[in-house]
Structures are given as C-alpha cells and as structure tokens.
file final-v2.txt (compact mmCIF, C-alpha atoms)
# COMPACT_ATOMS: atom_id res chain seq x y z
CA MET J 1 17.58 22.84 11.82
CA PRO J 2 16.77 19.14 12.08
CA ALA J 3 16.15 18.99 15.83
CA GLY J 4 13.98 20.96 18.22
CA ALA J 5 10.77 22.87 17.67
CA THR J 6 10.02 24.94 14.60
CA PRO J 7 10.97 28.59 15.12
CA ASP J 8 8.15 31.09 14.66
CA HIS J 9 9.63 32.58 11.49
CA ALA J 10 9.40 29.17 9.79
CA ILE J 11 5.70 28.71 10.51
CA TRP J 12 4.78 30.20 7.13
CA LYS J 13 6.61 27.27 5.56
CA LEU J 14 4.41 24.84 7.50
CA ALA J 15 1.37 26.85 6.40
CA ALA J 16 2.60 26.59 2.79
CA ILE J 17 2.99 22.82 3.11
CA GLY J 18 -0.57 22.54 4.47
CA THR J 19 -1.98 24.71 1.70
CA LEU J 20 -0.12 22.77 -1.01
CA ALA J 21 -1.16 19.43 0.50
CA GLY J 22 -4.80 20.55 0.47
CA ALA J 23 -4.55 21.85 -3.10
CA PHE J 24 -2.97 18.68 -4.47
CA SER J 25 -5.35 16.37 -2.65
CA GLY J 26 -8.27 18.38 -4.02
CA LEU J 27 -6.86 18.47 -7.55
CA PHE J 28 -5.51 14.95 -7.98
CA GLY J 29 -7.15 12.90 -5.26
CA VAL J 30 -3.70 11.96 -4.00
CA GLY J 31 -3.34 12.18 -0.26
CA GLY J 32 -1.50 15.13 1.18
CA GLY J 33 1.32 12.84 2.27
CA THR J 34 2.77 12.88 -1.24
CA ILE J 35 3.59 16.56 -0.73
CA ILE J 36 4.05 16.74 3.04
CA VAL J 37 6.82 14.14 3.40
CA PRO J 38 9.21 15.51 0.72
CA LEU J 39 8.69 19.13 1.79
CA LEU J 40 9.34 18.37 5.49
CA ILE J 41 12.58 16.71 4.37
CA PHE J 42 13.63 19.44 1.90
CA TRP J 43 12.53 22.55 3.81
CA PHE J 44 13.02 21.50 7.42
CA GLY J 45 15.73 18.86 7.18
CA TYR J 46 13.55 16.29 8.93
CA GLY J 47 14.82 12.73 8.92
CA GLU J 48 12.63 10.33 6.96
CA ARG J 49 11.03 8.78 10.06
CA LEU J 50 10.13 12.12 11.61
CA ALA J 51 8.77 13.38 8.27
CA THR J 52 6.56 10.33 7.71
CA GLY J 53 5.31 10.25 11.32
CA THR J 54 4.42 13.94 11.28
CA SER J 55 2.80 13.49 7.86
CA LEU J 56 0.50 10.77 9.19
CA ALA J 57 -0.59 13.02 12.07
CA ALA J 58 -1.40 15.84 9.61
CA ILE J 59 -3.33 13.39 7.40
CA ILE J 60 -5.74 12.59 10.28
CA LEU J 61 -6.81 16.23 10.28
CA ILE J 62 -6.75 16.60 6.48
CA GLY J 63 -8.91 13.49 6.10
CA LEU J 64 -11.42 14.62 8.72
CA LEU J 65 -11.64 18.16 7.32
CA GLY J 66 -11.92 16.74 3.80
CA ALA J 67 -14.85 14.58 4.84
CA VAL J 68 -16.59 17.57 6.46
CA ALA J 69 -15.83 19.96 3.58
CA GLN J 70 -17.21 17.48 1.08
CA GLY J 71 -20.45 17.09 2.97
CA GLY J 72 -22.06 15.82 -0.22
CA ILE J 73 -19.51 13.10 -0.69
CA TYR J 74 -20.05 11.98 2.88
CA GLY J 75 -23.30 10.34 1.85
CA ASN J 76 -21.24 8.18 -0.49
CA VAL J 77 -19.15 6.60 2.26
CA HIS J 78 -19.79 2.86 2.49
CA VAL J 79 -19.12 2.75 6.23
CA GLY J 80 -19.36 -1.03 6.66
CA THR J 81 -17.10 -1.82 3.69
CA GLY J 82 -14.65 0.92 4.70
CA LEU J 83 -14.36 -0.30 8.29
CA LEU J 84 -14.01 -3.95 7.23
CA LEU J 85 -11.26 -3.15 4.72
CA ALA J 86 -9.64 -0.85 7.29
CA ILE J 87 -8.82 -3.99 9.33
CA PRO J 88 -6.21 -5.36 6.89
CA ALA J 89 -5.05 -1.77 6.35
CA ILE J 90 -4.46 -1.40 10.11
CA PHE J 91 -2.38 -4.59 10.10
CA GLY J 92 -0.47 -3.11 7.16
CA VAL J 93 0.26 0.23 8.80
CA VAL J 94 1.39 -1.37 12.08
CA LEU J 95 3.68 -3.69 10.12
CA GLY J 96 4.88 -0.84 7.88
CA THR J 97 5.80 1.47 10.77
CA ALA J 98 7.56 -1.42 12.56
CA ILE J 99 9.58 -2.29 9.44
CA GLN J 100 10.40 1.38 8.95
CA GLN J 101 12.16 1.54 12.34
CA ARG J 102 14.45 -1.32 11.29
CA ILE J 103 15.60 -0.14 7.86
CA PRO J 104 18.03 2.72 7.09
CA GLN J 105 16.29 6.09 6.76
CA ARG J 106 17.61 6.54 3.23
CA ALA J 107 15.71 3.40 2.20
CA VAL J 108 12.51 5.27 3.08
CA SER J 109 13.56 8.04 0.68
CA TYR J 110 14.14 5.49 -2.08
CA LEU J 111 10.73 3.88 -1.46
CA PHE J 112 9.09 7.30 -1.49
CA ALA J 113 10.84 8.18 -4.76
CA LEU J 114 9.47 4.94 -6.23
CA LEU J 115 5.94 5.89 -5.13
CA LEU J 116 6.32 9.36 -6.71
CA VAL J 117 7.48 7.83 -10.00
CA ALA J 118 4.49 5.45 -9.97
CA ILE J 119 2.13 8.39 -9.39
CA ALA J 120 3.78 10.38 -12.20
CA VAL J 121 3.45 7.46 -14.63
CA GLU J 122 -0.20 6.99 -13.67
CA LEU J 123 -0.91 10.70 -14.22
CA ILE J 124 0.86 10.74 -17.58
CA LEU J 125 -0.98 7.63 -18.82
CA SER J 126 -4.42 8.65 -17.53
CA MET K 1 -12.02 -14.08 -4.69
CA SER K 2 -12.30 -10.41 -5.51
CA GLU K 3 -12.87 -9.71 -1.80
CA LEU K 4 -9.59 -11.46 -1.04
CA ALA K 5 -7.83 -9.28 -3.63
CA ALA K 6 -9.35 -6.17 -2.03
CA ILE K 7 -8.18 -7.30 1.42
CA LEU K 8 -4.63 -7.89 0.15
CA ILE K 9 -4.47 -4.54 -1.66
CA CYS K 10 -5.75 -2.74 1.45
CA LEU K 11 -3.10 -4.54 3.51
CA CYS K 12 -0.52 -3.21 1.02
CA GLY K 13 -2.09 0.26 1.23
CA GLY K 14 -1.64 0.27 5.00
CA LEU K 15 1.89 -1.11 4.65
CA THR K 16 2.77 1.67 2.20
CA GLY K 17 1.21 4.21 4.55
CA GLY K 18 3.32 3.00 7.46
CA LEU K 19 6.53 2.79 5.45
CA VAL K 20 6.39 6.16 3.69
CA GLY K 21 3.87 8.26 5.65
CA VAL K 22 0.97 8.51 3.22
CA GLY K 23 -2.69 7.65 3.82
CA GLY K 24 -2.81 4.74 1.38
CA GLY K 25 -5.64 6.11 -0.75
CA VAL K 26 -3.51 5.51 -3.84
CA LEU K 27 -4.24 1.78 -3.32
CA PHE K 28 -7.58 1.92 -1.47
CA VAL K 29 -9.42 3.69 -4.29
CA PRO K 30 -8.56 1.12 -7.02
CA ALA K 31 -9.27 -1.75 -4.58
CA LEU K 32 -12.73 -0.32 -3.91
CA THR K 33 -13.60 0.38 -7.55
CA ILE K 34 -12.11 -2.70 -9.23
CA PHE K 35 -12.71 -5.42 -6.63
CA ILE K 36 -15.67 -4.16 -4.59
CA GLY K 37 -17.48 -2.45 -7.45
CA LEU K 38 -17.96 1.00 -5.92
CA THR K 39 -18.20 4.04 -8.20
CA GLN K 40 -15.24 6.44 -8.28
CA VAL K 41 -17.04 8.94 -6.03
CA GLU K 42 -18.10 6.25 -3.54
CA ALA K 43 -14.59 4.79 -3.56
CA GLU K 44 -12.93 8.16 -2.91
CA ALA K 45 -15.36 8.92 -0.08
CA THR K 46 -14.95 5.46 1.49
CA SER K 47 -11.18 5.65 1.03
CA LEU K 48 -11.21 8.90 3.05
CA LEU K 49 -12.67 7.00 6.02
CA MET K 50 -10.01 4.30 5.67
CA ILE K 51 -7.24 6.91 5.39
CA VAL K 52 -8.34 8.54 8.66
CA VAL K 53 -8.26 5.15 10.42
CA VAL K 54 -4.83 4.26 8.97
CA ALA K 55 -3.43 7.70 9.82
CA LEU K 56 -4.75 7.45 13.40
CA VAL K 57 -3.16 4.05 14.01
CA GLY K 58 0.02 5.00 12.13
CA THR K 59 0.38 8.22 14.14
CA TYR K 60 -0.16 6.32 17.40
CA ARG K 61 2.62 3.88 16.48
CA GLN K 62 5.00 6.55 15.18
CA HIS K 63 4.35 8.67 18.27
CA GLY K 64 5.42 5.66 20.33
CA TYR K 65 8.65 5.54 18.32
CA GLY K 66 9.17 9.29 18.91
CA ASN K 67 8.65 10.27 15.27
CA VAL K 68 5.75 12.74 15.45
CA ARG K 69 5.80 16.55 15.82
CA LEU K 70 2.17 17.17 16.77
CA ARG K 71 2.25 20.99 16.70
CA GLU K 72 3.72 21.06 13.19
CA ALA K 73 1.23 18.42 12.01
CA LEU K 74 -1.64 20.46 13.43
CA ILE K 75 -0.56 23.60 11.52
CA ILE K 76 -0.18 21.64 8.27
CA GLY K 77 -3.55 19.95 8.67
CA ALA K 78 -5.39 23.10 9.72
CA LEU K 79 -4.25 24.99 6.60
CA SER K 80 -5.26 22.24 4.18
CA PRO K 81 -8.84 23.51 3.60
CA LEU K 82 -7.34 26.77 2.28
CA GLY K 83 -5.42 24.64 -0.21
CA VAL K 84 -8.54 22.75 -1.21
CA LEU K 85 -10.22 26.08 -2.06
CA LEU K 86 -7.13 27.15 -4.00
CA GLY K 87 -7.27 23.82 -5.84
CA VAL K 88 -10.88 24.46 -6.88
CA VAL K 89 -9.94 27.90 -8.27
CA ILE K 90 -6.99 26.42 -10.17
CA ALA K 91 -9.06 23.52 -11.52
CA ASN K 92 -11.60 25.97 -12.94
CA ASN K 93 -8.93 27.94 -14.81
CA VAL K 94 -6.40 25.38 -16.03
CA SER K 95 -6.99 22.35 -18.24
CA GLU K 96 -7.00 19.01 -16.42
CA ARG K 97 -4.35 17.58 -18.74
CA ALA K 98 -1.99 20.49 -18.06
CA LEU K 99 -2.49 19.97 -14.33
CA GLN K 100 -1.83 16.24 -14.56
CA LEU K 101 1.37 16.76 -16.54
CA SER K 102 2.56 19.54 -14.21
CA PHE K 103 2.04 17.40 -11.15
CA ALA K 104 3.71 14.43 -12.86
CA ALA K 105 6.74 16.65 -13.56
CA LEU K 106 6.77 17.88 -9.94
CA ALA K 107 6.52 14.30 -8.63
CA LEU K 108 9.48 13.22 -10.81
CA PHE K 109 11.49 16.25 -9.69
CA MET K 110 10.83 15.49 -6.01
CA ALA K 111 11.71 11.82 -6.57
CA ALA K 112 15.06 12.83 -8.09
CA GLN K 113 15.75 15.24 -5.21
CA LEU K 114 14.95 12.57 -2.61
CA VAL K 115 17.31 10.09 -4.26
CA ARG K 116 20.07 12.69 -4.65
CA ARG K 117 19.73 13.74 -1.03
CA ALA K 118 19.64 10.16 0.29
CA ARG K 119 22.79 9.30 -1.67
CA ALA K 120 24.64 12.32 -0.27
CA VAL K 121 23.89 11.41 3.36

call {"tool": "encode", "arguments": {"input": "final-v2.txt", "output": "structure tokens"}}
result
Amino acid sequence: MPAGATPDHAIWKLAAIGTLAGAFSGLFGVGGGTIIVPLLIFWFGYGERLATGTSLAAIILIGLLGAVAQGGIYGNVHVGTGLLLAIPAIFGVVLGTAIQQRIPQRAVSYLFALLLVAIAVELILS
Amino acid sequence: MSELAAILICLCGGLTGGLVGVGGGVLFVPALTIFIGLTQVEAEATSLLMIVVVALVGTYRQHGYGNVRLREALIIGALSPLGVLLGVVIANNVSERALQLSFAALALFMAAQLVRRARAV
C-alpha cells in the first residue's frame, strides 16, 4: 500500500507511531524522527523520501507540543542563540533535502541505518 | 572559534535533518552544551526551538518535492503527547540503564532491517 491515502483501518498504526515517537523522545531526548521514519517504511511501505518528508511535518507538531507540555523547560530556551544557530541549520536542511532528491532512495536508508547505529553506540557508552 | 564549531555542527544537524527526516537535535544539543556552554536542560530546550524551525523549513521544501503526507503527519504528531505521558510512566518503573540498552537494541534492529530492505529493492 505504498501509494494513496491511508485507509481508515490503518489509522491505529499511525496513532501507534505517534505514541511511540512521543515516548522515545520523552525517554531518550532523541527526536521522534528516529522512530517515525523506519516505522513509516516498515509498516506502510513508504519510500524513503515520503517517509522523511512526512516525518519532518510530524516533528513540527511534536516539537511545538513538547515545548508547551514542558512549560517549565520553556523558560530555559535561549531564544537569541537558538534563532542564530537555526540560520546555519536552515541552510543545512535546504541543502540536505535538495541532495536527498538526487541520490537513490536506498542511500537514504543506509544513511538512516548509520544514524541509528551511532545512537545505539552513544546509548551503550553513556 | 567555539562559535564557529557550533555553527558548523548546526549546519550538519540541519543537513542530517534534511537527508534523513529527523529534527537534528542529536547534533544541536552537543553543539549547545560543548561549544556554547549551555546546561543540558537549557540545551535541550533551545534545541527544541531549533528543531521546530528546521522541521518547518524541511517540510516546506519536501512538500514542494511532493514528499509530505500532511494528514498522516498530523495524526502522528497529535498522538505524541500520549506517548510522552507513557514515557514518564515507564521511566518511573524501569531502570534508566535497562531503557538505554533496550533502545540501543531496538535501534540496531531497525538499522539492520533498513539495510536488508534497501538491499532487496
């Protein structure tokens, strides 16, 4: 079922992905994307580009809700520093999405696997 | 000098976000603690702001390329607070080390599945 809209009976799977993404981001401080991208690929047969694009859209909401939910932590945001460092990050994400359109989709899977291994190593060593 | 390092790492964080669809916090947080000198809590909070900005721009670009399912993303995002609550319950009942090792195992398993699947295509 790689193309077309998600049928109603599969919505619980999306709900499960959202719940898991929230749980892991709360527990490990890793963004929800680490969970969302692989599960969209495994459970829905999304291609890598569609999975990563949809993941980014979900992360907007997860990030905003996270900031609201952690009202206490909000006072700890260094807005000036965050916005200044967001500038190179914006250049990065524009470049990254552009590069992604020009490489084979499977290369995205390999890069993602590399990121997962790095996270696993970091967790084991911490 | 350390500001330059922070800028470069944040550039890489955005690049990673665009390439593989994550927020980039995995690089923003260390950049903010090590090179800017924020505390862990301040860095995680500030990183959240940066992640939202990166995700907004990344979504805009990917939407232009036709790679975003907004309805599905909305459902995933809307359910995430439920997961955060679940995470708090789990964290209060399971040792942190056990959680770290479990997630490390899950991450390695998913990495292997992604590689296996990509090779089969």

call {"tool": "atom_distance", "arguments": {"input": "final-v2.txt", "atom1": "atom CA of K:Ser102", "atom2": "atom CA of J:Gly26"}}
result
14.9 Å

call {"tool": "axis_aligned_box", "arguments": {"input": "final-v2.txt", "around": "stretch 101-118 of chain J", "padding_each_side": "3 Å", "output": "JSON"}}
result
{"center_x": 11.3, "center_y": 4.0, "center_z": 1.2, "size_x": 19.5, "size_y": 16.7, "size_z": 28.3}

call {"tool": "residues_around", "arguments": {"input": "final-v2.txt", "residues": "K:Ile36", "least_positions_apart": "2", "cutoff": "12 Å", "atoms": "only C-alpha atoms", "output": "MDAnalysis selection string"}}
result
(chainID J and resid 78 81:82 84:85) or (chainID K and resid 1:7 9:10 28:34 38:40 42:43 46)

call {"tool": "closest_residue", "arguments": {"input": "final-v2.txt", "among": "K:Gly37, K:Arg97, K:Gly21, K:Tyr65", "to": "chain J", "atoms": "only C-alpha atoms"}}
result
K:Gly21

call {"tool": "closest_residue", "arguments": {"input": "final-v2.txt", "among": "K:Val89, K:Ala78, K:Leu27, K:Val121", "to": "J:Gln105", "atoms": "all atoms listed in the file"}}
result
K:Val121

call {"tool": "closest_residue", "arguments": {"input": "final-v2.txt", "among": "K:Glu72, K:Gly23, K:Leu8, K:Gln62", "to": "K:Leu48", "atoms": "only C-alpha atoms"}}
result
K:Gly23

call {"tool": "atom_distance", "arguments": {"input": "final-v2.txt", "atom1": "atom CA of K:Leu82", "atom2": "atom CA of J:Val37"}}
result
19.0 Å

call {"tool": "closest_residue", "arguments": {"input": "final-v2.txt", "among": "J:Ala23, J:Phe28, J:Val68, J:Asp8", "to": "chain K", "atoms": "only C-alpha atoms"}}
result
J:Ala23

call {"tool": "atom_distance", "arguments": {"input": "final-v2.txt", "atom1": "atom CA of K:Val26", "atom2": "atom CA of K:Leu49"}}
result
13.5 Å

call {"tool": "residues_around", "arguments": {"input": "final-v2.txt", "residues": "J:Gly22", "least_positions_apart": "6", "cutoff": "12 Å", "atoms": "all atoms listed in the file", "output": "compact mmCIF listing (two decimals) with C-alpha atoms, in the frame of the given file"}}
result
# COMPACT_ATOMS: atom_id res chain seq x y z
CA ALA J 15 1.37 26.85 6.40
CA ALA J 16 2.60 26.59 2.79
CA PHE J 28 -5.51 14.95 -7.98
CA GLY J 29 -7.15 12.90 -5.26
CA VAL J 30 -3.70 11.96 -4.00
CA GLY J 31 -3.34 12.18 -0.26
CA GLY J 32 -1.50 15.13 1.18
CA GLY J 33 1.32 12.84 2.27
CA THR J 34 2.77 12.88 -1.24
CA ILE J 35 3.59 16.56 -0.73
CA ILE J 36 4.05 16.74 3.04
CA ALA J 58 -1.40 15.84 9.61
CA ILE J 59 -3.33 13.39 7.40
CA LEU J 61 -6.81 16.23 10.28
CA ILE J 62 -6.75 16.60 6.48
CA GLY J 63 -8.91 13.49 6.10
CA LEU J 65 -11.64 18.16 7.32
CA GLY J 66 -11.92 16.74 3.80
CA ALA J 69 -15.83 19.96 3.58
CA ILE K 76 -0.18 21.64 8.27
CA GLY K 77 -3.55 19.95 8.67
CA ALA K 78 -5.39 23.10 9.72
CA LEU K 79 -4.25 24.99 6.60
CA SER K 80 -5.26 22.24 4.18
CA PRO K 81 -8.84 23.51 3.60
CA LEU K 82 -7.34 26.77 2.28
CA GLY K 83 -5.42 24.64 -0.21
CA VAL K 84 -8.54 22.75 -1.21
CA LEU K 85 -10.22 26.08 -2.06
CA LEU K 86 -7.13 27.15 -4.00
CA GLY K 87 -7.27 23.82 -5.84
CA VAL K 88 -10.88 24.46 -6.88

call {"tool": "closest_residue", "arguments": {"input": "final-v2.txt", "among": "J:Gly96, J:Pro7, J:Gly75, J:Pro104", "to": "chain K", "atoms": "all atoms listed in the file"}}
result
J:Gly96

call {"tool": "residues_around", "arguments": {"input": "final-v2.txt", "residues": "K:Val54", "least_positions_apart": "2", "cutoff": "10 Å", "atoms": "all atoms listed in the file", "output": "count of residues only"}}
result
31

call {"tool": "residues_around", "arguments": {"input": "final-v2.txt", "residues": "K:Ala107", "least_positions_apart": "3", "cutoff": "9 Å", "atoms": "all atoms listed in the file", "output": "ChimeraX atom specification"}}
result
/J:34-35,113,116-117,119-120 /K:102-104,110-112

call {"tool": "closest_residue", "arguments": {"input": "final-v2.txt", "among": "J:Gly80, J:Gly47, J:Gly18, J:Gly53", "to": "K:Ala118", "atoms": "all atoms listed in the file"}}
result
J:Gly47
